[in-house]
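A.B. asks: Have a peek at coords.tsv (TSV, N, CA and C atoms and all ligand atoms).
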```
chain	number	residue	atom	x	y	z
A	1	MET	N	104.12	67.92	151.14
A	1	MET	CA	104.95	68.65	150.17
A	1	MET	C	104.12	69.10	148.97
A	2	ALA	N	104.28	70.32	148.62
A	2	ALA	CA	103.52	70.86	147.49
A	2	ALA	C	104.24	70.62	146.18
A	3	LYS	N	103.46	70.21	145.26
A	3	LYS	CA	104.05	69.98	143.93
A	3	LYS	C	104.06	71.27	143.13
A	4	LYS	N	105.16	71.51	142.54
A	4	LYS	CA	105.27	72.71	141.72
A	4	LYS	C	104.99	72.35	140.27
A	5	LYS	N	103.95	72.97	139.77
A	5	LYS	CA	103.60	72.69	138.37
A	5	LYS	C	104.30	73.68	137.47
A	6	LYS	N	105.01	73.13	136.56
A	6	LYS	CA	105.73	74.00	135.62
A	6	LYS	C	105.00	74.00	134.29
A	7	LYS	N	104.60	75.18	133.90
A	7	LYS	CA	103.93	75.29	132.60
A	7	LYS	C	104.93	75.72	131.55
A	8	LEU	N	104.93	74.97	130.51
A	8	LEU	CA	105.85	75.27	129.44
A	8	LEU	C	105.13	76.05	128.35
A	9	MET	N	105.63	77.24	128.12
A	9	MET	CA	105.01	78.06	127.08
A	9	MET	C	105.81	77.94	125.78
A	10	VAL	N	105.08	77.72	124.73
A	10	VAL	CA	105.75	77.65	123.44
A	10	VAL	C	105.17	78.70	122.51
A	11	LYS	N	106.01	79.18	121.65
A	11	LYS	CA	105.57	80.17	120.66
A	11	LYS	C	104.93	79.44	119.49
A	12	MET	N	103.82	79.97	119.06
A	12	MET	CA	103.17	79.41	117.89
A	12	MET	C	103.39	80.35	116.71
A	13	GLN	N	104.11	79.82	115.74
A	13	GLN	CA	104.57	80.63	114.63
A	13	GLN	C	103.79	80.30	113.36
A	14	CYS	N	103.39	81.33	112.67
A	14	CYS	CA	102.64	81.14	111.43
A	14	CYS	C	103.52	80.45	110.39
A	15	GLY	N	102.96	79.46	109.75
A	15	GLY	CA	103.71	78.73	108.73
A	15	GLY	C	103.93	79.53	107.46
A	16	ASP	N	103.14	80.57	107.27
A	16	ASP	CA	103.26	81.38	106.06
A	16	ASP	C	104.25	82.53	106.23
A	17	CYS	N	103.99	83.38	107.23
A	17	CYS	CA	104.81	84.59	107.37
A	17	CYS	C	105.82	84.49	108.51
A	18	LYS	N	105.79	83.40	109.22
A	18	LYS	CA	106.72	83.14	110.33
A	18	LYS	C	106.54	84.10	111.50
A	19	GLU	N	105.40	84.75	111.54
A	19	GLU	CA	105.10	85.65	112.64
A	19	GLU	C	104.63	84.85	113.84
A	20	VAL	N	105.08	85.24	115.03
A	20	VAL	CA	104.61	84.57	116.24
A	20	VAL	C	103.34	85.28	116.71
A	21	ASN	N	102.23	84.59	116.60
A	21	ASN	CA	100.95	85.20	116.92
A	21	ASN	C	100.33	84.68	118.20
A	22	TYR	N	100.73	83.52	118.60
A	22	TYR	CA	100.11	82.89	119.75
A	22	TYR	C	101.14	82.22	120.64
A	23	TYR	N	100.73	82.06	121.87
A	23	TYR	CA	101.51	81.25	122.79
A	23	TYR	C	100.62	80.12	123.28
A	24	ALA	N	101.20	78.97	123.42
A	24	ALA	CA	100.41	77.84	123.87
A	24	ALA	C	101.11	77.16	125.03
A	25	HIS	N	100.30	76.59	125.88
A	25	HIS	CA	100.86	75.79	126.97
A	25	HIS	C	101.13	74.39	126.44
A	26	LYS	N	102.33	73.96	126.63
A	26	LYS	CA	102.65	72.62	126.19
A	26	LYS	C	102.73	71.72	127.41
A	27	THR	N	102.01	70.64	127.32
A	27	THR	CA	102.04	69.70	128.42
A	27	THR	C	102.98	68.55	128.08
A	28	LYS	N	103.31	67.83	129.07
A	28	LYS	CA	104.24	66.73	128.86
A	28	LYS	C	103.63	65.62	128.02
A	29	ASN	N	102.30	65.63	127.98
A	29	ASN	CA	101.61	64.59	127.21
A	29	ASN	C	101.78	64.76	125.70
A	30	VAL	N	102.04	66.01	125.33
A	30	VAL	CA	102.15	66.29	123.90
A	30	VAL	C	103.52	65.85	123.39
A	31	GLU	N	103.46	65.00	122.43
A	31	GLU	CA	104.73	64.55	121.84
A	31	GLU	C	104.95	65.23	120.51
A	32	GLY	N	106.20	65.50	120.25
A	32	GLY	CA	106.54	66.15	118.99
A	32	GLY	C	106.15	67.61	119.00
A	33	LYS	N	105.98	68.16	117.85
A	33	LYS	CA	105.69	69.58	117.72
A	33	LYS	C	104.20	69.83	117.65
A	34	LEU	N	103.85	70.93	118.27
A	34	LEU	CA	102.45	71.34	118.23
A	34	LEU	C	102.17	72.03	116.90
A	35	SER	N	100.97	71.84	116.40
A	35	SER	CA	100.55	72.65	115.28
A	35	SER	C	99.06	72.92	115.40
A	36	LEU	N	98.72	74.17	115.23
A	36	LEU	CA	97.34	74.59	115.39
A	36	LEU	C	96.93	75.47	114.22
A	37	LYS	N	95.68	75.35	113.86
A	37	LYS	CA	95.19	76.24	112.82
A	37	LYS	C	94.57	77.45	113.50
A	38	LYS	N	95.23	78.58	113.28
A	38	LYS	CA	94.82	79.81	113.94
A	38	LYS	C	94.76	80.94	112.92
A	39	HIS	N	94.05	81.99	113.33
A	39	HIS	CA	94.00	83.15	112.45
A	39	HIS	C	95.26	83.98	112.60
A	40	CYS	N	95.84	84.31	111.47
A	40	CYS	CA	97.04	85.14	111.47
A	40	CYS	C	96.66	86.52	110.98
A	41	SER	N	96.94	87.55	111.79
A	41	SER	CA	96.55	88.90	111.37
A	41	SER	C	97.41	89.42	110.21
A	42	PRO	N	98.73	89.20	110.18
A	42	PRO	CA	99.48	89.65	109.00
A	42	PRO	C	99.03	88.98	107.71
A	43	CYS	N	98.68	87.72	107.79
A	43	CYS	CA	98.22	87.00	106.60
A	43	CYS	C	96.74	87.24	106.33
A	44	ARG	N	96.04	87.66	107.34
A	44	ARG	CA	94.58	87.88	107.27
A	44	ARG	C	93.84	86.61	106.85
A	45	LYS	N	94.30	85.52	107.35
A	45	LYS	CA	93.60	84.27	107.08
A	45	LYS	C	94.02	83.23	108.12
A	46	HIS	N	93.35	82.11	108.06
A	46	HIS	CA	93.72	81.03	108.95
A	46	HIS	C	94.88	80.25	108.36
A	47	THR	N	95.90	80.12	109.15
A	47	THR	CA	97.07	79.36	108.70
A	47	THR	C	97.45	78.36	109.78
A	48	VAL	N	98.27	77.43	109.42
A	48	VAL	CA	98.77	76.47	110.41
A	48	VAL	C	99.93	77.12	111.17
A	49	HIS	N	99.75	77.17	112.47
A	49	HIS	CA	100.80	77.71	113.33
A	49	HIS	C	101.56	76.56	113.95
A	50	LYS	N	102.84	76.63	113.83
A	50	LYS	CA	103.67	75.57	114.39
A	50	LYS	C	104.51	76.10	115.53
A	51	GLU	N	104.88	75.18	116.35
A	51	GLU	CA	105.72	75.53	117.48
A	51	GLU	C	107.06	76.04	116.99
A	52	ALA	N	107.43	77.22	117.49
A	52	ALA	CA	108.67	77.84	117.05
A	52	ALA	C	109.85	77.27	117.81
A	53	LYS	N	110.98	77.29	117.17
A	53	LYS	CA	112.20	76.83	117.83
A	53	LYS	C	112.68	77.89	118.80
A	54	LYS	N	113.35	77.42	119.82
A	54	LYS	CA	113.82	78.36	120.84
A	54	LYS	C	115.11	79.05	120.38
B	101	ZN	ZN	100.98	84.66	108.84
```
How would this structure read if it were set down as structure tokens?

C.D. replies:
Amino acid sequence: MAKKKKKLMVKMQCGDCKEVNYYAHKTKNVEGKLSLKKHCSPCRKHTVHKEAKK
């Protein structure tokens, strides 16, 4: 039997302008909310991107 791997995509939202700039794969190992420091083009700087609510 083949196992079906389900990848969960989450939106990564800029903490400053609330723009969704990235998508990340969330694995089951990750607990709580993801947060990544990424470059935001509207802000033109690196900001903390947090997982957006659905
Ligand atoms: Zn931004």

A.B. asks: Could the residues of chain A that have an atom at most 12 Å from ligand ZN 101 (chain B) be listed as a Markdown table, each with its closest atom pair and the distance in Å to one decimal, counting only C-alpha atoms and all ligand atoms and ordered by chain and ascending residue number?

C.D. replies:
```
| residue | atom | partner | partner_atom | distance |
| --- | --- | --- | --- | --- |
| A:Met12 | CA | B:ZN101 | ZN | 10.7 |
| A:Gln13 | CA | B:ZN101 | ZN | 7.9 |
| A:Cys14 | CA | B:ZN101 | ZN | 4.7 |
| A:Gly15 | CA | B:ZN101 | ZN | 6.5 |
| A:Asp16 | CA | B:ZN101 | ZN | 4.9 |
| A:Cys17 | CA | B:ZN101 | ZN | 4.1 |
| A:Lys18 | CA | B:ZN101 | ZN | 6.1 |
| A:Glu19 | CA | B:ZN101 | ZN | 5.7 |
| A:Val20 | CA | B:ZN101 | ZN | 8.2 |
| A:Asn21 | CA | B:ZN101 | ZN | 8.1 |
| A:Tyr22 | CA | B:ZN101 | ZN | 11.1 |
| A:Lys37 | CA | B:ZN101 | ZN | 11.0 |
| A:Lys38 | CA | B:ZN101 | ZN | 9.4 |
| A:His39 | CA | B:ZN101 | ZN | 8.0 |
| A:Cys40 | CA | B:ZN101 | ZN | 4.8 |
| A:Ser41 | CA | B:ZN101 | ZN | 6.6 |
| A:Pro42 | CA | B:ZN101 | ZN | 5.2 |
| A:Cys43 | CA | B:ZN101 | ZN | 4.3 |
| A:Arg44 | CA | B:ZN101 | ZN | 7.3 |
| A:Lys45 | CA | B:ZN101 | ZN | 7.6 |
| A:His46 | CA | B:ZN101 | ZN | 8.1 |
| A:Thr47 | CA | B:ZN101 | ZN | 6.6 |
| A:Val48 | CA | B:ZN101 | ZN | 8.6 |
| A:His49 | CA | B:ZN101 | ZN | 8.3 |
| A:Lys50 | CA | B:ZN101 | ZN | 11.0 |
```

A.B. asks: Find the distance between atom CA of Lys6 of chain A and atom CA of Thr27 of chain A and write it in Å to one decimal.

C.D. replies: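 A separation of 9.2 Å between them.
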
A.B. asks: Between atom CA of Ser35 of chain A and atom CA of Glu51 of chain A, what is the distance, to one decimal in Å?

C.D. replies: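 Distance reported for this atom pair: 6.3 Å.
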
A.B. asks: So how many Å separate atom C of Ala52 of chain A and atom CA of Gly32 of chain A, to one decimal?

C.D. replies: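 Pair atom C of Ala52 of chain A / atom CA of Gly32 of chain A returns 11.7 Å.
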
A.B. asks: Go ahead and fit an axis-aligned box to every listed atom of segment 5-21 of chain A plus 6 Å each side, and pass me the centre and edge lengths in Å, one decimal, as lines of an AutoDock Vina configuration file.

C.D. replies:
```
center_x = 103.5
center_y = 79.2
center_z = 122.9
size_x = 18.4
size_y = 25.0
size_z = 45.7
```

A.B. asks: Would you return as JSON, numbers by chain the members of chain A that DSSP assigns to strand (DSSP E or B) on this structure's backbone?

C.D. replies: {"A": [8, 9, 10, 11, 12, 13, 14, 20, 21, 22, 23, 24, 25, 26, 35, 36, 37, 38, 39, 40, 45, 46, 47, 48, 49, 50, 51]}

A.B. asks: Could you save those same residues with N, CA and C atoms as a PDB file, keeping the file's coordinate frame?

C.D. replies:
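Okay, this is what ended up in result-v4.pdb:
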```
ATOM      1  N   LEU A   8     104.930  74.970 130.510  1.00  0.00           N
ATOM      2  CA  LEU A   8     105.850  75.270 129.440  1.00  0.00           C
ATOM      3  C   LEU A   8     105.130  76.050 128.350  1.00  0.00           C
ATOM      4  N   MET A   9     105.630  77.240 128.120  1.00  0.00           N
ATOM      5  CA  MET A   9     105.010  78.060 127.080  1.00  0.00           C
ATOM      6  C   MET A   9     105.810  77.940 125.780  1.00  0.00           C
ATOM      7  N   VAL A  10     105.080  77.720 124.730  1.00  0.00           N
ATOM      8  CA  VAL A  10     105.750  77.650 123.440  1.00  0.00           C
ATOM      9  C   VAL A  10     105.170  78.700 122.510  1.00  0.00           C
ATOM     10  N   LYS A  11     106.010  79.180 121.650  1.00  0.00           N
ATOM     11  CA  LYS A  11     105.570  80.170 120.660  1.00  0.00           C
ATOM     12  C   LYS A  11     104.930  79.440 119.490  1.00  0.00           C
ATOM     13  N   MET A  12     103.820  79.970 119.060  1.00  0.00           N
ATOM     14  CA  MET A  12     103.170  79.410 117.890  1.00  0.00           C
ATOM     15  C   MET A  12     103.390  80.350 116.710  1.00  0.00           C
ATOM     16  N   GLN A  13     104.110  79.820 115.740  1.00  0.00           N
ATOM     17  CA  GLN A  13     104.570  80.630 114.630  1.00  0.00           C
ATOM     18  C   GLN A  13     103.790  80.300 113.360  1.00  0.00           C
ATOM     19  N   CYS A  14     103.390  81.330 112.670  1.00  0.00           N
ATOM     20  CA  CYS A  14     102.640  81.140 111.430  1.00  0.00           C
ATOM     21  C   CYS A  14     103.520  80.450 110.390  1.00  0.00           C
ATOM     22  N   VAL A  20     105.080  85.240 115.030  1.00  0.00           N
ATOM     23  CA  VAL A  20     104.610  84.570 116.240  1.00  0.00           C
ATOM     24  C   VAL A  20     103.340  85.280 116.710  1.00  0.00           C
ATOM     25  N   ASN A  21     102.230  84.590 116.600  1.00  0.00           N
ATOM     26  CA  ASN A  21     100.950  85.200 116.920  1.00  0.00           C
ATOM     27  C   ASN A  21     100.330  84.680 118.200  1.00  0.00           C
ATOM     28  N   TYR A  22     100.730  83.520 118.600  1.00  0.00           N
ATOM     29  CA  TYR A  22     100.110  82.890 119.750  1.00  0.00           C
ATOM     30  C   TYR A  22     101.140  82.220 120.640  1.00  0.00           C
ATOM     31  N   TYR A  23     100.730  82.060 121.870  1.00  0.00           N
ATOM     32  CA  TYR A  23     101.510  81.250 122.790  1.00  0.00           C
ATOM     33  C   TYR A  23     100.620  80.120 123.280  1.00  0.00           C
ATOM     34  N   ALA A  24     101.200  78.970 123.420  1.00  0.00           N
ATOM     35  CA  ALA A  24     100.410  77.840 123.870  1.00  0.00           C
ATOM     36  C   ALA A  24     101.110  77.160 125.030  1.00  0.00           C
ATOM     37  N   HIS A  25     100.300  76.590 125.880  1.00  0.00           N
ATOM     38  CA  HIS A  25     100.860  75.790 126.970  1.00  0.00           C
ATOM     39  C   HIS A  25     101.130  74.390 126.440  1.00  0.00           C
ATOM     40  N   LYS A  26     102.330  73.960 126.630  1.00  0.00           N
ATOM     41  CA  LYS A  26     102.650  72.620 126.190  1.00  0.00           C
ATOM     42  C   LYS A  26     102.730  71.720 127.410  1.00  0.00           C
ATOM     43  N   SER A  35     100.970  71.840 116.400  1.00  0.00           N
ATOM     44  CA  SER A  35     100.550  72.650 115.280  1.00  0.00           C
ATOM     45  C   SER A  35      99.060  72.920 115.400  1.00  0.00           C
ATOM     46  N   LEU A  36      98.720  74.170 115.230  1.00  0.00           N
ATOM     47  CA  LEU A  36      97.340  74.590 115.390  1.00  0.00           C
ATOM     48  C   LEU A  36      96.930  75.470 114.220  1.00  0.00           C
ATOM     49  N   LYS A  37      95.680  75.350 113.860  1.00  0.00           N
ATOM     50  CA  LYS A  37      95.190  76.240 112.820  1.00  0.00           C
ATOM     51  C   LYS A  37      94.570  77.450 113.500  1.00  0.00           C
ATOM     52  N   LYS A  38      95.230  78.580 113.280  1.00  0.00           N
ATOM     53  CA  LYS A  38      94.820  79.810 113.940  1.00  0.00           C
ATOM     54  C   LYS A  38      94.760  80.940 112.920  1.00  0.00           C
ATOM     55  N   HIS A  39      94.050  81.990 113.330  1.00  0.00           N
ATOM     56  CA  HIS A  39      94.000  83.150 112.450  1.00  0.00           C
ATOM     57  C   HIS A  39      95.260  83.980 112.600  1.00  0.00           C
ATOM     58  N   CYS A  40      95.840  84.310 111.470  1.00  0.00           N
ATOM     59  CA  CYS A  40      97.040  85.140 111.470  1.00  0.00           C
ATOM     60  C   CYS A  40      96.660  86.520 110.980  1.00  0.00           C
ATOM     61  N   LYS A  45      94.300  85.520 107.350  1.00  0.00           N
ATOM     62  CA  LYS A  45      93.600  84.270 107.080  1.00  0.00           C
ATOM     63  C   LYS A  45      94.020  83.230 108.120  1.00  0.00           C
ATOM     64  N   HIS A  46      93.350  82.110 108.060  1.00  0.00           N
ATOM     65  CA  HIS A  46      93.720  81.030 108.950  1.00  0.00           C
ATOM     66  C   HIS A  46      94.880  80.250 108.360  1.00  0.00           C
ATOM     67  N   THR A  47      95.900  80.120 109.150  1.00  0.00           N
ATOM     68  CA  THR A  47      97.070  79.360 108.700  1.00  0.00           C
ATOM     69  C   THR A  47      97.450  78.360 109.780  1.00  0.00           C
ATOM     70  N   VAL A  48      98.270  77.430 109.420  1.00  0.00           N
ATOM     71  CA  VAL A  48      98.770  76.470 110.410  1.00  0.00           C
ATOM     72  C   VAL A  48      99.930  77.120 111.170  1.00  0.00           C
ATOM     73  N   HIS A  49      99.750  77.170 112.470  1.00  0.00           N
ATOM     74  CA  HIS A  49     100.800  77.710 113.330  1.00  0.00           C
ATOM     75  C   HIS A  49     101.560  76.560 113.950  1.00  0.00           C
ATOM     76  N   LYS A  50     102.840  76.630 113.830  1.00  0.00           N
ATOM     77  CA  LYS A  50     103.670  75.570 114.390  1.00  0.00           C
ATOM     78  C   LYS A  50     104.510  76.100 115.530  1.00  0.00           C
ATOM     79  N   GLU A  51     104.880  75.180 116.350  1.00  0.00           N
ATOM     80  CA  GLU A  51     105.720  75.530 117.480  1.00  0.00           C
ATOM     81  C   GLU A  51     107.060  76.040 116.990  1.00  0.00           C
TER      82      GLU A  51
END
```

A.B. asks: Between A:Leu36, A:Ala24, A:Lys11, A:Ala2, which residue has the minimum interatomic distance to Lys53 of chain A, considering all atoms listed in the file?

C.D. replies: A:Lys11
